[in-house]
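This report refers to the structure that appears directly beneath it.
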Amino acid sequence: MSALNERSLWRATWVIFDKDLRVELRSKETFATLGLFGAVLSFVFAFGFIGDPAVNLQVAPGVLWAGLLFVGALGVGRTFAREQDNNAFTALALSPIPRTAILAAKVLMNFILTAGTMALMTPLLALLLHLDLTPFALPLASLIGLGALGFALIGTPLAVLAVGARFPEVLLPMVTFPLVSPVLICGVRGCAALFGTAVDDDYWAWAQMILAFDLIAGLGGFFLFEWMVSE
Amino acid sequence: MSHLPPPHPLDDTHRKELLVSDLTPLGRVARALIATLSLCCGLLSVSYADIPPNRPKASSEVPIIGPDPIAKDTPSSAEPVTAPATGSVDAVKAREPSASELAKEERLEELRYKHLWIAYSIVWLVIFMFIRSTWKRSEAVASRLDELKGRVKRLEAQRSSEEG
Amino acid sequence: MSSDLTVGDPPKPSKAPLFWMTLAALGMFLAHWLVFIYAPMEGTMRAVQRIFYFHLPSAWLCYLGFIMCAGSSLLYLLKQKSKHDAFALACAEVGLAFGVIVLTTGPLWARAAWGVWWKWEPRLTTMAILFLIFACYWVIRSFGGDSPPVRKFGAVLAVFGAPNIVFVHIAVTRWRGDHPNNIQLEPEMRVVLYSCLLIFIIIYALALRLRYRVHMEERTASALARELSRLGG
């Protein structure tokens, strides 16, 4: 508890992240719901694309990244759910720690939830669509990880602001999806290049583009966050 | 007139105008007239678009795409159709358009004009919807400001009677 | 919040709007004459090419509106002045209006000229996504309420959205390849295009001014109502 008096950014980030992680590991409610949602989504996609594995390999990138979008939207919507349920949001906002630390901790938590759910959903999708993605495991994981990070970096600051708006559960996905469209385009094309379904395409170029987007979104978000939540 | 107290900051009866238009009531009529005239002239202008193509074709070097919208999506690097190098009579006769090609070209021309009219109608529709929504909001805020002015006056009267 | 508004300041009297509105109306007459009478018929696409003279200026002004919205939103985040937020909202609304023109006239032109309603080329895709982002901005501001958190929500969306488009353009260019439409314009066509651009700039500026004034009047009315409530009126 003495850590709450520390003002350093990293320490404060770790304290909030540690708190969220412990609560999540004990209750598992967000991870369980997201995981189940990912499984349901996998079945929905599989129903739509039952057929030739060659065709499935072509649609797999779009299906994977659509799944990431839906899972991510659900995850960022839950960013401050615990604080709101327990009327602790104001206390968190007024606590004597840098607000950027709150953002960093929440981004990290959203990233872990989204990436973790995709780690479950991707093998399930591969199984249902009769695809063998093991040769592409590491690069695919990196690409999805970068995409999940990009989604968390864009969605988390917006989730903070959506707390004060009407219909946040509708506004937040509506607003986040167009903003993460570069991630979506690069991710889908990167996967297509990886699976060999795109002609003359370069996986590393797409991965670099997502990385550049994540860096700029992260820097912009962290820089602007103090002004976003100042009152 | 110097014995009158200075106007209260909340009293804007001496405002010349309140609104987005900054116009007198006569000016609003003029605005409506201009808007209606513009709409009529716009529609007339669009109808003038139905001019038979009697001008010589412009020799623009537009390296775009084939002219047949009925066909599938053509690549953008399509080359413009050029006449064959031979000048023989047989070649010329072979190039004369058949009846079906002429009919197709006519359908194409009708489609082009139809889309042109629809596009310009949409432009006018957007402009007028924007003007209308701005006008309605300005009217609404004007009536709200009038109501608030009335409340200010009542409050002032009440305060002065209490002080008196 | 709106503490920068002073309730009792009367606006300056001005005849300028009537002049500019008359000029804009006359300009539209002139634009139609130029497009339908003066401009020569294009050789390949024929009549439908005339859509280009309104389509291209609308696209440029749509981009301009969104860039100005993003800039004004950034100023609002940094300075918390109500006028910057009102200006950003006005820019977004005017930009959206021009965006609607672009995204409706474009497919009409494409269908008649190329046979397809839509092509996944960089400029069209970029315009469509930019339009979506600012349509979301407008929906948030229209239906999310007018409280400071909602204004900030919109401002952040606008600030993130505008540079986001650079990424979208780069990504789509890499994906689909750049399809340069190197349209070679004749001198008369160039005259018509730039005249239409000038007329549209006047309409853009006028629309922006009108919309901005409406938003500022609404904020003044809200401030006045709050002041009255505080005073017990």
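Letters for chains follow the order of the structure tokens (A, B, ...), residue numbers begin at 1 for each chain, and ligand numbers begin at 1 in the order shown.
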
Contact check, chain A to chain C, at most 9 Å, counting only C-alpha atoms, closest pairs as CSV:
```
residue,atom,partner,partner_atom,distance
A:Ile154,CA,C:Phe160,CA,8.5
A:Pro157,CA,C:Val156,CA,8.7
A:Leu158,CA,C:Phe153,CA,6.7
A:Val160,CA,C:Phe153,CA,8.8
A:Leu161,CA,C:Phe153,CA,5.3
A:Ala162,CA,C:Phe153,CA,6.7
A:Val163,CA,C:Pro149,CA,8.1
A:Gly164,CA,C:Pro149,CA,5.4
A:Ala165,CA,C:Gly144,CA,5.4
A:Arg166,CA,C:Gly144,CA,4.9
A:Phe167,CA,C:Gly144,CA,7.1
A:Pro168,CA,C:Gly144,CA,8.5
A:Leu171,CA,C:Ile140,CA,7.0
A:Met174,CA,C:Cys136,CA,6.8
A:Val175,CA,C:Cys136,CA,5.8
A:Thr176,CA,C:Leu157,CA,8.7
A:Phe177,CA,C:Ile133,CA,8.8
A:Pro178,CA,C:Ile133,CA,5.7
A:Leu179,CA,C:Gly161,CA,6.2
A:Val180,CA,C:Asn164,CA,8.3
A:Ser181,CA,C:Val168,CA,7.0
A:Pro182,CA,C:Val168,CA,5.0
A:Val183,CA,C:Val168,CA,8.8
A:Ile185,CA,C:Ala171,CA,6.7
A:Cys186,CA,C:Ala171,CA,6.4
A:Arg189,CA,C:Trp175,CA,7.3
A:Asp201,CA,C:Trp175,CA,8.6
A:Trp206,CA,C:Ala171,CA,8.1
A:Met209,CA,C:Ala171,CA,7.8
A:Phe213,CA,C:Phe167,CA,7.4
A:Ala217,CA,C:Phe160,CA,8.0
A:Gly220,CA,C:Phe160,CA,8.0
A:Gly221,CA,C:Phe160,CA,8.5
A:Leu224,CA,C:Leu77,CA,8.0
A:Trp227,CA,C:Leu77,CA,5.7
A:Met228,CA,C:Lys152,CA,6.2
A:Val229,CA,C:Pro149,CA,8.1
A:Glu231,CA,C:Met1,CA,8.6
```

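Residues surrounding range 102-111 of chain C within 7 Å are Pro69, His115 and Ala119 of chain B; Val48, Ile51, His55, Ser58, Ala59, Phe98, Gly99, Trp114, Gly115, Val116, Trp117 and Trp118 of chain C [only C-alpha atoms; sequence separation below 3 positions excluded].
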
Resulting file, chosen residues, C-alpha atoms, as a CSV table (one decimal), in the first residue's frame:
```csv
chain,number,residue,atom,x,y,z
B,69,PRO,CA,-19.5,0.8,-68.6
B,115,HIS,CA,-25.9,9.9,-64.0
B,119,ALA,CA,-25.2,13.8,-59.5
C,48,VAL,CA,-20.6,12.2,-67.4
C,51,ILE,CA,-19.3,15.6,-62.8
C,55,HIS,CA,-16.5,16.4,-57.6
C,58,SER,CA,-15.7,19.0,-53.2
C,59,ALA,CA,-13.0,16.4,-52.4
C,98,PHE,CA,-18.8,18.1,-49.0
C,99,GLY,CA,-17.9,14.4,-48.3
C,114,TRP,CA,-15.7,2.5,-65.7
C,115,GLY,CA,-18.6,0.1,-65.2
C,116,VAL,CA,-18.2,-0.3,-61.5
C,117,TRP,CA,-19.7,1.6,-58.6
C,118,TRP,CA,-16.6,1.4,-56.4
```

So which residues of range 5-189 of chain A fall under alpha helix (DSSP H) by DSSP, listed as number ranges by chain? A: 9-27, 29-48, 53-77, 81-85, 89-94, 99-128, 137-162, 168-179, 181-189

Go ahead and write the selection's residues with C-alpha atoms as a compact mmCIF listing (two decimals), in the first residue's frame.
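Final output, saved to selection-v1.txt:
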```txt
# COMPACT_ATOMS: atom_id res chain seq x y z
CA LEU A 9 5.38 6.66 -13.59
CA TRP A 10 6.62 3.11 -13.81
CA ARG A 11 5.89 2.28 -10.24
CA ALA A 12 2.38 3.68 -10.47
CA THR A 13 1.77 1.82 -13.73
CA TRP A 14 2.92 -1.41 -12.14
CA VAL A 15 0.72 -0.90 -9.08
CA ILE A 16 -2.46 -0.37 -11.09
CA PHE A 17 -1.65 -3.13 -13.56
CA ASP A 18 -0.82 -5.52 -10.72
CA LYS A 19 -4.12 -4.71 -9.05
CA ASP A 20 -6.11 -5.32 -12.24
CA LEU A 21 -4.24 -8.52 -12.99
CA ARG A 22 -4.73 -9.95 -9.52
CA VAL A 23 -8.44 -9.19 -9.57
CA GLU A 24 -8.74 -10.72 -13.02
CA LEU A 25 -6.80 -13.84 -12.05
CA ARG A 26 -9.03 -14.33 -9.04
CA SER A 27 -12.36 -13.69 -10.73
CA GLU A 29 -14.69 -12.91 -15.43
CA THR A 30 -13.42 -10.75 -18.30
CA PHE A 31 -11.09 -13.37 -19.68
CA ALA A 32 -13.75 -16.07 -19.49
CA THR A 33 -16.38 -13.95 -21.22
CA LEU A 34 -13.97 -12.79 -23.89
CA GLY A 35 -12.72 -16.33 -24.45
CA LEU A 36 -16.22 -17.67 -24.82
CA PHE A 37 -17.12 -14.81 -27.14
CA GLY A 38 -14.07 -15.65 -29.25
CA ALA A 39 -15.15 -19.28 -29.43
CA VAL A 40 -18.68 -18.36 -30.49
CA LEU A 41 -17.27 -16.02 -33.11
CA SER A 42 -15.03 -18.79 -34.44
CA PHE A 43 -18.05 -21.03 -34.90
CA VAL A 44 -19.98 -18.26 -36.65
CA PHE A 45 -17.13 -17.72 -39.09
CA ALA A 46 -16.74 -21.46 -39.60
CA PHE A 47 -20.45 -21.76 -40.46
CA GLY A 48 -19.96 -19.10 -43.10
CA PRO A 53 -9.31 -25.42 -47.36
CA ALA A 54 -7.68 -23.50 -50.22
CA VAL A 55 -10.56 -21.03 -50.18
CA ASN A 56 -10.49 -20.97 -46.38
CA LEU A 57 -6.82 -20.02 -46.43
CA GLN A 58 -7.73 -17.02 -48.57
CA VAL A 59 -10.47 -15.84 -46.23
CA ALA A 60 -8.56 -16.69 -43.04
CA PRO A 61 -6.77 -13.31 -42.74
CA GLY A 62 -10.05 -11.38 -42.92
CA VAL A 63 -11.74 -13.73 -40.48
CA LEU A 64 -8.87 -13.52 -37.97
CA TRP A 65 -8.72 -9.76 -37.98
CA ALA A 66 -12.48 -9.32 -37.87
CA GLY A 67 -12.37 -11.54 -34.79
CA LEU A 68 -9.64 -9.39 -33.27
CA LEU A 69 -11.71 -6.27 -33.87
CA PHE A 70 -14.79 -7.68 -32.14
CA VAL A 71 -12.82 -9.13 -29.22
CA GLY A 72 -10.87 -5.92 -28.81
CA ALA A 73 -14.02 -3.78 -28.86
CA LEU A 74 -15.58 -5.92 -26.16
CA GLY A 75 -12.38 -5.82 -24.11
CA VAL A 76 -11.83 -2.05 -24.17
CA GLY A 77 -15.48 -1.54 -23.30
CA ALA A 81 -16.09 -1.56 -15.69
CA ARG A 82 -14.77 -2.57 -12.26
CA GLU A 83 -14.09 1.00 -11.22
CA GLN A 84 -17.53 2.10 -12.35
CA ASP A 85 -19.29 -0.85 -10.71
CA PHE A 89 -13.58 5.80 -10.96
CA THR A 90 -13.49 9.22 -9.32
CA ALA A 91 -11.10 7.90 -6.67
CA LEU A 92 -8.82 6.56 -9.38
CA ALA A 93 -8.93 9.85 -11.26
CA LEU A 94 -8.23 11.89 -8.11
CA ARG A 99 -2.71 9.95 -15.14
CA THR A 100 -0.45 8.58 -17.84
CA ALA A 101 0.26 5.70 -15.47
CA ILE A 102 -3.45 4.85 -15.42
CA LEU A 103 -3.50 4.86 -19.21
CA ALA A 104 -0.36 2.72 -19.47
CA ALA A 105 -1.69 0.16 -17.01
CA LYS A 106 -5.05 -0.08 -18.73
CA VAL A 107 -3.43 -0.35 -22.18
CA LEU A 108 -1.28 -3.19 -20.91
CA MET A 109 -4.27 -4.97 -19.41
CA ASN A 110 -6.35 -4.58 -22.59
CA PHE A 111 -3.45 -5.83 -24.67
CA ILE A 112 -3.07 -8.94 -22.54
CA LEU A 113 -6.79 -9.68 -22.62
CA THR A 114 -7.09 -9.20 -26.39
CA ALA A 115 -3.88 -11.03 -27.26
CA GLY A 116 -4.73 -13.83 -24.83
CA THR A 117 -8.18 -14.28 -26.35
CA MET A 118 -6.71 -14.30 -29.85
CA ALA A 119 -4.20 -16.92 -28.70
CA LEU A 120 -7.18 -19.17 -27.94
CA MET A 121 -9.29 -18.14 -30.90
CA THR A 122 -6.66 -18.56 -33.63
CA PRO A 123 -5.98 -22.31 -33.11
CA LEU A 124 -9.73 -22.92 -32.77
CA LEU A 125 -10.38 -21.11 -36.06
CA ALA A 126 -7.58 -23.03 -37.73
CA LEU A 127 -9.12 -26.27 -36.51
CA LEU A 128 -12.63 -25.40 -37.66
CA ALA A 137 3.08 -19.60 -35.74
CA LEU A 138 5.71 -17.08 -34.68
CA PRO A 139 5.24 -14.43 -37.37
CA LEU A 140 1.46 -14.74 -37.08
CA ALA A 141 1.64 -14.34 -33.32
CA SER A 142 3.84 -11.25 -33.73
CA LEU A 143 1.46 -9.70 -36.22
CA ILE A 144 -1.61 -10.36 -34.08
CA GLY A 145 0.25 -9.11 -31.02
CA LEU A 146 1.12 -5.86 -32.76
CA GLY A 147 -2.49 -5.53 -33.90
CA ALA A 148 -3.81 -6.14 -30.39
CA LEU A 149 -1.39 -3.52 -29.06
CA GLY A 150 -2.53 -1.01 -31.68
CA PHE A 151 -6.14 -1.64 -30.77
CA ALA A 152 -5.41 -1.21 -27.08
CA LEU A 153 -3.49 2.03 -27.70
CA ILE A 154 -6.35 3.53 -29.67
CA GLY A 155 -9.29 2.06 -27.77
CA THR A 156 -8.18 2.65 -24.19
CA PRO A 157 -7.99 6.47 -24.25
CA LEU A 158 -11.33 6.55 -26.02
CA ALA A 159 -12.77 4.24 -23.37
CA VAL A 160 -11.69 6.74 -20.72
CA LEU A 161 -13.55 9.51 -22.49
CA ALA A 162 -16.58 7.37 -23.31
CA PRO A 168 -20.81 4.36 -24.47
CA GLU A 169 -21.27 0.67 -25.37
CA VAL A 170 -22.38 1.71 -28.87
CA LEU A 171 -20.21 4.80 -29.34
CA LEU A 172 -16.94 3.17 -28.39
CA PRO A 173 -16.85 0.40 -31.05
CA MET A 174 -18.33 2.77 -33.62
CA VAL A 175 -15.55 5.26 -33.01
CA THR A 176 -12.67 2.79 -32.58
CA PHE A 177 -13.19 0.70 -35.72
CA PRO A 178 -12.46 3.42 -38.30
CA LEU A 179 -9.46 4.62 -36.30
CA SER A 181 -8.49 0.60 -39.98
CA PRO A 182 -4.76 0.96 -40.82
CA VAL A 183 -4.07 -1.89 -38.39
CA LEU A 184 -6.81 -3.90 -40.02
CA ILE A 185 -5.54 -3.31 -43.57
CA CYS A 186 -1.91 -4.00 -42.67
CA GLY A 187 -2.81 -7.03 -40.57
CA VAL A 188 -4.96 -8.65 -43.22
CA ARG A 189 -2.43 -8.00 -45.96
```

Residue contacts of range 124-136 of chain B (8 Å, only C-alpha atoms) excluding same-chain residues fewer than 3 positions away, as a list of chain:residue names: B:Leu39, B:Gly42, B:Tyr120, B:Ser121, B:Glu139, B:Ala140, C:Ala97, C:Val100, C:Ile101, C:Leu210, C:Arg211, C:Val214

Point-to-point distance in Å for CA of Leu208 in chain C and CA of Ala88 in chain C: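 These two atoms are separated by 9.9 Å.
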